[in-house]
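Trainee: This is model13.cif (mmCIF, C-alpha atoms).
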data_final
#
loop_
_atom_site.label_atom_id
_atom_site.label_comp_id
_atom_site.auth_asym_id
_atom_site.auth_seq_id
_atom_site.Cartn_x
_atom_site.Cartn_y
_atom_site.Cartn_z
CA MET A 1106 -59.60 83.46 37.94
CA ILE A 1107 -60.95 85.61 35.20
CA GLY A 1108 -60.60 83.52 32.10
CA ASN A 1109 -60.57 85.99 29.18
CA ARG A 1110 -59.74 89.60 28.24
CA VAL A 1111 -63.34 90.85 28.19
CA GLN A 1112 -64.00 89.49 31.67
CA ARG A 1113 -60.76 91.05 32.90
CA GLN A 1114 -61.79 94.46 31.48
CA ARG A 1115 -65.19 94.30 33.19
CA PHE A 1116 -63.52 93.29 36.43
CA LEU A 1117 -61.10 96.22 36.22
CA ARG A 1118 -63.90 98.70 35.53
CA ARG A 1119 -65.70 97.61 38.68
CA ARG A 1120 -62.66 97.59 40.93
CA LEU A 1121 -60.73 100.65 39.82
CA LYS A 1122 -61.40 104.34 39.52
CA HIS A 1123 -61.51 105.53 35.91
CA THR A 1124 -58.11 107.26 35.97
CA ASP A 1125 -56.44 104.28 37.60
CA TYR A 1126 -58.12 102.00 35.09
CA LEU A 1127 -56.77 103.96 32.13
CA SER A 1128 -53.30 103.93 33.69
CA LEU A 1129 -53.45 100.20 34.22
CA LEU A 1130 -54.64 99.63 30.64
CA GLY A 1131 -51.57 101.45 29.39
CA ASN A 1132 -49.34 99.04 31.28
CA SER A 1133 -51.29 95.85 30.64
CA GLY A 1134 -51.75 95.95 26.88
CA LEU A 1135 -55.54 95.80 27.26
CA SER A 1136 -57.80 98.07 25.22
CA LEU A 1137 -61.02 99.90 25.91
CA CYS A 1138 -62.24 98.93 22.43
CA PRO A 1139 -63.26 95.54 21.12
CA LYS A 1140 -60.67 93.78 19.01
CA GLU A 1141 -62.24 94.75 15.68
CA GLU A 1142 -62.26 98.46 16.63
CA ARG A 1143 -58.62 98.51 17.65
CA GLY A 1144 -57.60 98.06 14.02
CA MET A 1145 -59.39 101.21 12.81
CA GLU A 1146 -57.36 103.63 10.73
CA LYS A 1147 -56.43 106.80 12.59
CA THR A 1148 -56.67 110.18 10.95
CA ASP A 1149 -53.61 111.76 9.44
CA ALA A 1150 -54.65 115.06 10.98
CA SER A 1151 -54.71 113.92 14.60
CA SER A 1152 -54.09 110.94 16.84
CA ALA A 1153 -57.80 110.53 17.65
CA ALA A 1154 -59.45 107.33 16.47
CA ALA A 1155 -61.43 107.64 13.25
CA ALA A 1156 -64.49 106.32 15.09
CA VAL A 1157 -65.02 109.83 16.48
CA ALA A 1158 -66.75 111.79 13.71
CA ASP A 1159 -65.66 115.37 13.11
CA ALA A 1160 -69.07 116.39 11.74
CA LYS A 1161 -72.13 114.93 10.06
CA ILE A 1162 -74.22 115.74 7.01
CA SER A 1163 -77.27 117.77 7.98
CA SER A 1164 -78.64 118.46 4.48
CA ILE A 1165 -78.06 117.51 0.85
CA PHE A 1166 -79.10 119.85 -1.96
CA ILE A 1167 -79.47 119.19 -5.68
CA TYR A 1168 -79.89 122.01 -8.22
CA PRO A 1169 -81.24 120.35 -11.38
CA VAL A 1170 -81.50 123.61 -13.36
CA LYS A 1171 -78.49 125.87 -13.01
CA SER A 1172 -79.26 129.04 -11.00
CA CYS A 1173 -82.81 127.90 -10.17
CA ARG A 1174 -83.91 126.72 -6.73
CA GLY A 1175 -82.50 123.60 -5.21
CA ILE A 1176 -84.14 120.47 -3.83
CA SER A 1177 -83.39 119.18 -0.33
CA VAL A 1178 -83.13 115.39 -0.45
CA PRO A 1179 -82.48 112.68 2.18
CA HIS A 1180 -79.88 110.96 0.01
CA ALA A 1181 -78.23 111.37 -3.38
CA PRO A 1182 -76.41 109.00 -5.76
CA LEU A 1183 -72.82 109.76 -6.70
CA THR A 1184 -71.97 110.03 -10.39
CA PRO A 1185 -68.73 110.96 -12.21
CA THR A 1186 -69.97 114.58 -12.50
CA GLY A 1187 -71.30 115.05 -8.95
CA PHE A 1188 -74.66 114.14 -7.44
CA ARG A 1189 -77.11 112.75 -9.96
CA TRP A 1190 -79.33 115.44 -11.57
CA ASP A 1191 -77.21 118.33 -10.25
CA ARG A 1192 -76.92 121.18 -12.80
CA GLN A 1193 -78.00 118.88 -15.62
CA TRP A 1194 -80.16 121.59 -17.21
CA LEU A 1195 -79.36 125.13 -18.27
CA VAL A 1196 -81.33 128.12 -19.53
CA VAL A 1197 -79.57 129.94 -22.39
CA ASN A 1198 -80.11 133.07 -24.44
CA GLN A 1199 -80.59 133.21 -28.21
CA ARG A 1200 -76.83 132.89 -28.70
CA GLY A 1201 -76.65 129.79 -26.52
CA ARG A 1202 -74.95 131.59 -23.63
CA ALA A 1203 -75.92 130.54 -20.11
CA TYR A 1204 -78.28 132.62 -18.00
CA THR A 1205 -77.41 132.72 -14.30
CA GLN A 1206 -78.68 134.67 -11.30
CA ARG A 1207 -75.78 137.05 -11.76
CA VAL A 1208 -77.62 138.63 -14.70
CA GLU A 1209 -81.12 137.13 -14.31
CA PRO A 1210 -81.91 137.13 -10.58
CA LYS A 1211 -85.52 136.09 -11.32
CA LEU A 1212 -84.18 132.56 -11.75
CA ALA A 1213 -84.01 132.45 -7.95
CA LEU A 1214 -87.81 132.20 -7.90
CA VAL A 1215 -88.01 129.22 -10.25
CA GLU A 1216 -88.94 126.12 -8.25
CA VAL A 1217 -87.87 122.71 -9.50
CA ASN A 1218 -89.09 119.28 -8.53
CA LEU A 1219 -88.18 115.70 -9.44
CA PRO A 1220 -89.83 112.39 -8.50
CA ALA A 1221 -88.69 111.27 -5.05
CA GLU A 1222 -87.52 107.97 -6.51
CA ALA A 1223 -85.18 109.83 -8.89
CA PHE A 1224 -82.68 110.03 -6.03
CA SER A 1225 -82.63 106.28 -5.43
CA GLU A 1226 -79.64 104.23 -6.56
CA GLY A 1227 -80.16 102.73 -10.02
CA TRP A 1228 -83.48 104.44 -10.77
CA GLU A 1229 -84.21 105.12 -14.44
CA PRO A 1230 -86.96 107.41 -15.77
CA THR A 1231 -90.03 106.19 -17.66
CA LYS A 1232 -92.28 107.96 -20.15
CA THR A 1233 -94.31 109.32 -17.23
CA SER A 1234 -91.31 110.75 -15.33
CA TYR A 1235 -91.03 114.52 -15.36
CA LEU A 1236 -88.98 117.45 -14.14
CA GLU A 1237 -91.57 119.96 -12.93
CA ILE A 1238 -90.88 123.69 -13.03
CA LYS A 1239 -92.97 126.54 -11.66
CA ALA A 1240 -92.56 130.24 -10.95
CA PRO A 1241 -94.76 133.17 -9.87
CA GLY A 1242 -97.37 134.00 -12.50
CA MET A 1243 -96.46 131.00 -14.66
CA ASP A 1244 -98.22 127.73 -15.45
CA LEU A 1245 -96.57 124.46 -14.47
CA LEU A 1246 -93.94 123.33 -16.97
CA LYS A 1247 -93.32 119.59 -17.25
CA ILE A 1248 -90.11 118.33 -18.88
CA SER A 1249 -89.90 114.65 -19.74
CA LEU A 1250 -86.90 112.96 -18.15
CA CYS A 1251 -86.54 110.78 -21.23
CA LYS A 1252 -83.79 111.95 -23.55
CA PRO A 1253 -84.96 114.71 -25.96
CA PRO A 1254 -84.20 114.06 -29.63
CA LYS A 1255 -83.05 117.54 -30.70
CA VAL A 1256 -79.46 118.74 -30.31
CA SER A 1257 -78.47 122.41 -30.03
CA ASP A 1258 -74.96 123.44 -30.99
CA GLY A 1259 -73.07 126.45 -29.67
CA VAL A 1260 -74.14 126.18 -26.03
CA SER A 1261 -71.66 127.82 -23.65
CA VAL A 1262 -71.18 128.27 -19.94
CA TRP A 1263 -68.07 130.07 -18.69
CA GLU A 1264 -65.03 128.46 -20.31
CA TRP A 1265 -66.90 125.56 -21.94
CA SER A 1266 -68.82 125.36 -25.21
CA GLY A 1267 -70.34 122.42 -27.03
CA SER A 1268 -73.63 120.83 -27.94
CA ALA A 1269 -76.56 120.10 -25.63
CA LEU A 1270 -79.97 118.45 -25.82
CA ASP A 1271 -82.74 120.96 -26.53
CA GLU A 1272 -85.88 120.59 -24.40
CA GLY A 1273 -88.16 121.93 -27.09
CA ASP A 1274 -90.41 124.85 -27.93
CA GLU A 1275 -92.73 124.61 -24.92
CA ALA A 1276 -89.85 125.04 -22.50
CA SER A 1277 -88.40 127.80 -24.69
CA LYS A 1278 -91.69 129.70 -24.67
CA TRP A 1279 -92.06 129.28 -20.89
CA PHE A 1280 -88.64 130.75 -20.06
CA THR A 1281 -88.95 133.41 -22.78
CA ASN A 1282 -92.19 134.63 -21.23
CA TYR A 1283 -90.85 134.42 -17.70
CA LEU A 1284 -87.56 136.24 -18.33
CA GLY A 1285 -88.95 138.57 -20.99
CA LYS A 1286 -86.24 137.73 -23.50
CA PRO A 1287 -85.52 134.90 -25.97
CA SER A 1288 -84.56 131.76 -24.06
CA ARG A 1289 -84.14 128.05 -24.50
CA MET A 1290 -83.70 125.21 -22.02
CA VAL A 1291 -81.04 122.59 -22.68
CA ARG A 1292 -79.80 119.43 -21.01
CA PHE A 1293 -76.18 118.35 -20.80
CA ASN A 1294 -75.43 115.76 -23.47
CA ALA A 1295 -73.31 113.30 -21.54
CA ALA A 1296 -73.25 110.90 -24.49
CA SER A 1297 -71.17 113.22 -26.64
CA GLU A 1298 -69.75 115.94 -24.39
CA THR A 1299 -67.39 116.19 -21.43
CA ARG A 1300 -66.51 119.25 -19.39
CA PRO A 1301 -63.27 118.67 -17.49
CA VAL A 1302 -62.51 120.23 -14.14
CA ASP A 1303 -59.43 122.45 -14.28
CA PRO A 1304 -56.59 119.89 -13.93
CA VAL A 1305 -54.55 122.39 -11.91
CA TYR A 1306 -56.94 121.66 -9.03
CA ALA A 1307 -58.31 118.18 -9.72
CA GLN A 1308 -57.09 116.05 -12.59
CA GLY A 1309 -59.39 113.51 -14.23
CA TYR A 1310 -62.71 114.89 -12.98
CA SER A 1311 -65.57 116.42 -14.96
CA ILE A 1312 -68.81 118.32 -14.39
CA MET A 1313 -72.00 119.20 -16.24
CA PHE A 1314 -73.22 122.80 -15.85
CA SER A 1315 -71.76 123.46 -12.38
CA ASP A 1316 -69.47 126.46 -12.12
CA MET A 1317 -66.17 124.66 -11.57
CA PHE A 1318 -66.32 121.53 -9.39
CA PRO A 1319 -68.64 118.56 -8.75
CA PHE A 1320 -69.39 119.34 -5.08
CA MET A 1321 -69.50 122.34 -2.78
CA LEU A 1322 -69.51 121.79 0.98
CA ALA A 1323 -70.28 124.33 3.70
CA SER A 1324 -70.96 124.10 7.42
CA GLN A 1325 -73.81 125.35 9.56
CA GLY A 1326 -71.26 126.62 12.04
CA SER A 1327 -69.80 128.92 9.39
CA LEU A 1328 -73.20 130.35 8.56
CA ASP A 1329 -74.02 130.84 12.24
CA GLU A 1330 -70.74 132.66 12.75
CA LEU A 1331 -71.37 134.90 9.75
CA ASN A 1332 -74.89 135.69 10.93
CA LYS A 1333 -73.51 136.96 14.24
CA LEU A 1334 -71.85 139.73 12.25
CA LEU A 1335 -74.87 140.64 10.11
CA LYS A 1336 -77.70 143.00 11.07
CA GLU A 1337 -80.10 140.65 9.28
CA PRO A 1338 -79.21 136.94 9.17
CA VAL A 1339 -79.17 135.12 5.85
CA PRO A 1340 -80.15 131.50 5.17
CA MET A 1341 -77.84 128.90 3.67
CA ASN A 1342 -79.65 129.04 0.32
CA ARG A 1343 -77.66 132.20 -0.44
CA PHE A 1344 -74.56 129.99 -0.79
CA ARG A 1345 -76.11 127.01 -2.62
CA PRO A 1346 -74.02 124.14 -1.22
CA ASN A 1347 -74.50 120.51 -2.22
CA ILE A 1348 -73.44 119.23 1.19
CA LEU A 1349 -74.26 121.02 4.43
CA VAL A 1350 -72.52 119.72 7.52
CA ASP A 1351 -72.95 120.39 11.21
CA GLY A 1352 -71.05 119.63 14.40
CA CYS A 1353 -67.72 121.25 13.47
CA GLU A 1354 -66.12 124.56 14.32
CA PRO A 1355 -66.96 127.59 12.13
CA PHE A 1356 -64.97 127.60 8.88
CA SER A 1357 -63.13 124.39 9.76
CA GLU A 1358 -64.06 123.17 6.27
CA ASP A 1359 -61.50 125.67 4.94
CA LEU A 1360 -58.80 123.36 6.21
CA TRP A 1361 -60.10 119.99 5.00
CA THR A 1362 -58.01 118.48 2.21
CA GLU A 1363 -59.35 114.94 2.59
CA ILE A 1364 -62.44 113.69 4.36
CA LYS A 1365 -64.35 110.44 4.50
CA ILE A 1366 -68.14 110.51 4.14
CA SER A 1367 -69.48 107.05 4.85
CA GLN A 1368 -67.11 104.88 2.78
CA PHE A 1369 -66.34 107.62 0.22
CA SER A 1370 -63.20 109.77 0.03
CA PHE A 1371 -63.65 113.46 -0.80
CA GLN A 1372 -60.81 115.88 -1.48
CA GLY A 1373 -61.05 119.57 -0.69
CA VAL A 1374 -59.47 121.08 -3.78
CA ARG A 1375 -60.15 124.82 -3.62
CA LEU A 1376 -61.78 127.32 -1.31
CA CYS A 1377 -65.04 128.50 -2.82
CA SER A 1378 -64.77 132.14 -3.89
CA ARG A 1379 -68.11 133.90 -3.98
CA CYS A 1380 -69.69 136.01 -6.70
CA LYS A 1381 -72.78 138.24 -6.58
CA VAL A 1382 -75.27 135.42 -5.98
CA PRO A 1383 -75.07 135.40 -2.12
CA THR A 1384 -76.35 139.00 -2.18
CA ILE A 1385 -79.58 137.92 -3.93
CA ASN A 1386 -82.52 137.21 -1.64
CA GLN A 1387 -83.72 133.81 -2.85
CA GLU A 1388 -87.31 134.56 -1.78
CA THR A 1389 -87.61 137.93 -3.55
CA ALA A 1390 -84.85 137.89 -6.22
CA ILE A 1391 -83.76 141.31 -4.97
CA ALA A 1392 -80.04 141.94 -4.47
CA GLY A 1393 -78.46 143.92 -1.64
CA PRO A 1394 -74.96 144.55 -0.31
CA GLU A 1395 -74.92 141.72 2.24
CA PRO A 1396 -73.53 139.29 3.10
CA ASN A 1397 -70.68 140.09 0.70
CA GLU A 1398 -69.85 143.41 2.36
CA THR A 1399 -69.27 141.69 5.67
CA LEU A 1400 -67.47 138.76 4.04
CA MET A 1401 -65.07 141.24 2.48
CA LYS A 1402 -64.11 142.43 5.97
CA TYR A 1403 -63.64 138.98 7.50
CA ARG A 1404 -63.31 136.40 4.70
CA SER A 1405 -61.37 138.10 1.91
CA ASP A 1406 -58.05 136.95 0.53
CA LYS A 1407 -56.56 140.07 2.13
CA VAL A 1408 -57.64 138.79 5.56
CA LEU A 1409 -57.27 135.02 5.12
CA ARG A 1410 -54.28 134.97 2.76
CA PRO A 1411 -52.35 138.20 3.30
CA ASP A 1412 -49.10 136.79 1.93
CA LYS A 1413 -50.69 135.43 -1.26
CA LYS A 1414 -51.56 137.18 -4.49
CA GLN A 1415 -54.50 139.50 -3.85
CA GLN A 1416 -57.50 139.18 -6.19
CA GLY A 1417 -60.23 140.85 -4.13
CA LYS A 1418 -62.01 137.55 -3.55
CA ILE A 1419 -64.18 136.43 -0.66
CA TYR A 1420 -64.56 132.82 0.46
CA PHE A 1421 -67.30 130.67 1.91
CA GLY A 1422 -67.27 126.89 1.60
CA GLN A 1423 -64.97 124.29 0.12
CA ASN A 1424 -65.04 122.84 -3.40
CA MET A 1425 -64.63 119.07 -3.50
CA VAL A 1426 -64.23 116.00 -5.69
CA CYS A 1427 -64.93 112.38 -4.81
CA LYS A 1428 -62.53 109.55 -5.69
CA GLU A 1429 -65.17 106.84 -5.77
CA SER A 1430 -67.38 108.79 -8.16
CA LEU A 1431 -65.03 107.81 -11.00
CA THR A 1432 -65.27 104.05 -10.44
CA GLU A 1433 -67.98 101.56 -11.31
CA GLY A 1434 -70.09 100.02 -8.58
CA LYS A 1435 -73.44 100.06 -6.85
CA ALA A 1436 -74.76 101.52 -3.60
CA LYS A 1437 -73.02 104.87 -4.07
CA LEU A 1438 -75.41 106.90 -1.95
CA VAL A 1439 -74.49 109.78 0.32
CA LYS A 1440 -77.13 110.27 3.02
CA VAL A 1441 -78.20 112.90 5.50
CA GLY A 1442 -76.80 111.85 8.85
CA ASP A 1443 -73.65 110.31 7.38
CA PRO A 1444 -70.63 110.95 9.63
CA ILE A 1445 -67.65 112.91 8.36
CA PHE A 1446 -64.11 112.02 9.32
CA VAL A 1447 -61.31 114.46 8.58
CA LEU A 1448 -58.34 112.47 7.29
CA GLN A 1449 -56.04 115.30 6.25
CA LYS A 1450 -56.09 119.03 6.73
CA VAL A 1451 -53.92 122.10 6.59
CA SER A 1452 -53.26 124.34 9.58
CA THR A 1453 -54.64 127.64 8.32
CA ALA A 1454 -56.77 129.00 5.48
CA ALA A 1455 -53.61 130.65 4.12
CA GLU A 1456 -52.27 127.16 3.36
CA ALA A 1457 -55.44 126.04 1.56
CA VAL A 1458 -55.68 126.17 -2.22
CA ALA A 1459 -57.82 129.10 -3.36
#
Translate this structure into structure tokens?
Mentor:
Amino acid sequence: MIGNRVQRQRFLRRRLKHTDYLSLLGNSGLSLCPKEERGMEKTDASSAAAAVADAKISSIFIYPVKSCRGISVPHAPLTPTGFRWDRQWLVVNQRGRAYTQRVEPKLALVEVNLPAEAFSEGWEPTKTSYLEIKAPGMDLLKISLCKPPKVSDGVSVWEWSGSALDEGDEASKWFTNYLGKPSRMVRFNAASETRPVDPVYAQGYSIMFSDMFPFMLASQGSLDELNKLLKEPVPMNRFRPNILVDGCEPFSEDLWTEIKISQFSFQGVRLCSRCKVPTINQETAIAGPEPNETLMKYRSDKVLRPDKKQQGKIYFGQNMVCKESLTEGKAKLVKVGDPIFVLQKVSTAAEAVA
């Protein structure tokens, strides 16, 4: 006699053809999975077991200074405003208004670096910890990661205005010389300021100097599909995602309304409409018509959402928020290689919020 369920399963595998084995399992109450796996939650979007990942994270990008180059990192800590260090700094004009690549494409050439340990959970800067900034024809600029003492009022980015921490005269002179116009560099003052996400899309969340939401996710499959339509392919840095995923169908991220990354729940709250920035070559700071011209033909609201209000927008990527980012706790790291499970999705891009 075969004395237990595991032995019975092994016996059946040896004696039966695979199709007969599956049929017999259905009638016997046995399972292909160990006992602890049989209790896994299934996705709301399909009947497949959640153990089968829908995609995985292939890259994570942090953009410490808004509109400057990003940093590719192996992991990133979650905070209530997104990944730690993301869009924490901003370059402003003499009136305190934000500079972005839309009006200052030279920002695309500004390289930014942080200590590798800055992306570890719980790390805190010391007096010798710096944000390093360099650009063509410019000396290295080092910004202390310790809190600057001076506060600048009247800082504004899009709909938000408030105070920010001023990084001092050396940083001001550096960006003034580089851009050729009066500039200052400021840091978001999280101790006194909040910048809420539009509650129509995600209530209770906030950001620093990001455009609208804490996270932007895009897939490699979507970029590959777009590049098939372009005469000259473009890299993903044109779209500046925080989370790049691979292993899913092109533009499937359009449909994701809830996903699980590791143990964290992310909600897709709005398709990412694109501005001029994807047309700017991030290696030369020179703008051209693509890829936006092609996106207008294949990824516009007219094409994806013909029955909705037309605003002449084009879409690439999905804006997201993370539930667990709002709660206290340790070990909140998202890592390259983390699997992604789609828990809920809509059927078409026309049903997605945009």
Trainee: Find the residues around stretch 1225-1232 of chain A up to 7 Å (all atoms listed in the file counted), leave out those fewer than 2 positions away in its own chain, and share them as a list in words.
Mentor: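 The contact residues come out as Pro1182, Glu1222, Ala1223, Ser1234, Leu1250, Cys1251, Ala1436 and Leu1438 of chain A.
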Trainee: Pick out the closest residue to A:Pro1241 from this set: A:Lys1211, A:Arg1379, A:Lys1255, A:Arg1200. Count all atoms listed in the file.
Mentor: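 Checking each candidate against A:Pro1241, we get A:Lys1211 as the closest.
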Trainee: Taking only C-alpha atoms into account, produce a table as a tab-separated table in which each residue of stretch 1381-1409 of chain A with an atom at most 12 Å from an atom of stretch 1346-1362 of chain A appears once, together with its shortest atom pair and the distance in Å to one decimal, ordered by chain and rising number.
Mentor:
residue	atom	partner	partner_atom	distance
A:Pro1383	CA	A:Pro1346	CA	11.3
A:Tyr1403	CA	A:Phe1356	CA	11.5
A:Arg1404	CA	A:Phe1356	CA	9.9
A:Leu1409	CA	A:Asp1359	CA	10.3
Trainee: Taking the file above as input, evaluate the PyMOL selection byres ((chain A and resi 1166) around 7) and report the hits as number ranges by chain.
Mentor: A: 1164-1165, 1167-1168, 1175-1178, 1346-1348
Trainee: Looking at A:Gln1193, A:Thr1233, A:Gln1423, A:Ser1277, which one is nearest to A:Phe1344, with distances taken over all atoms listed in the file?
Mentor: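 The shortest atom-to-atom distance to A:Phe1344 comes from A:Gln1423.
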Trainee: Out of A:Ala1454, A:Leu1219, A:Val1196, A:Met1243, which residue has the shortest atom-to-atom distance to A:Val1408 when counting all atoms listed in the file?
Mentor: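 The shortest atom-to-atom distance to A:Val1408 comes from A:Ala1454.
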Trainee: Applied to this file, what does the PyMOL selection byres ((chain A and resi 1333-1338) around 8) return in terms of residues, put as a PDB file with C-alpha atoms, in the coordinates of the input?
Mentor:
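Writing done, so here's expr-v9.pdb:
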ATOM      1  CA  ASP A1329     -74.020 130.840  12.240  1.00  0.00           C
ATOM      2  CA  GLU A1330     -70.740 132.660  12.750  1.00  0.00           C
ATOM      3  CA  LEU A1331     -71.370 134.900   9.750  1.00  0.00           C
ATOM      4  CA  ASN A1332     -74.890 135.690  10.930  1.00  0.00           C
ATOM      5  CA  VAL A1339     -79.170 135.120   5.850  1.00  0.00           C
ATOM      6  CA  PRO A1340     -80.150 131.500   5.170  1.00  0.00           C
ATOM      7  CA  GLU A1395     -74.920 141.720   2.240  1.00  0.00           C
ATOM      8  CA  PRO A1396     -73.530 139.290   3.100  1.00  0.00           C
ATOM      9  CA  THR A1399     -69.270 141.690   5.670  1.00  0.00           C
TER      10      THR A1399
END
Trainee: So that I can see what lies close to A:Lys1381, please list as a list in words the residues with an atom at most 10 Å from it, counting only C-alpha atoms and leaving out residues fewer than 6 positions away in the same chain.
Mentor: Gln1206, Arg1207, Val1208, Arg1343, Ala1392, Gly1393, Pro1394, Glu1395, Pro1396 and Asn1397 of chain A
Trainee: Take atom CA of A:Leu1448 and atom CA of A:Gln1325 and report the distance between them in Å, one decimal.
Mentor: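 Atom CA of A:Leu1448 sits 20.3 Å away from atom CA of A:Gln1325.
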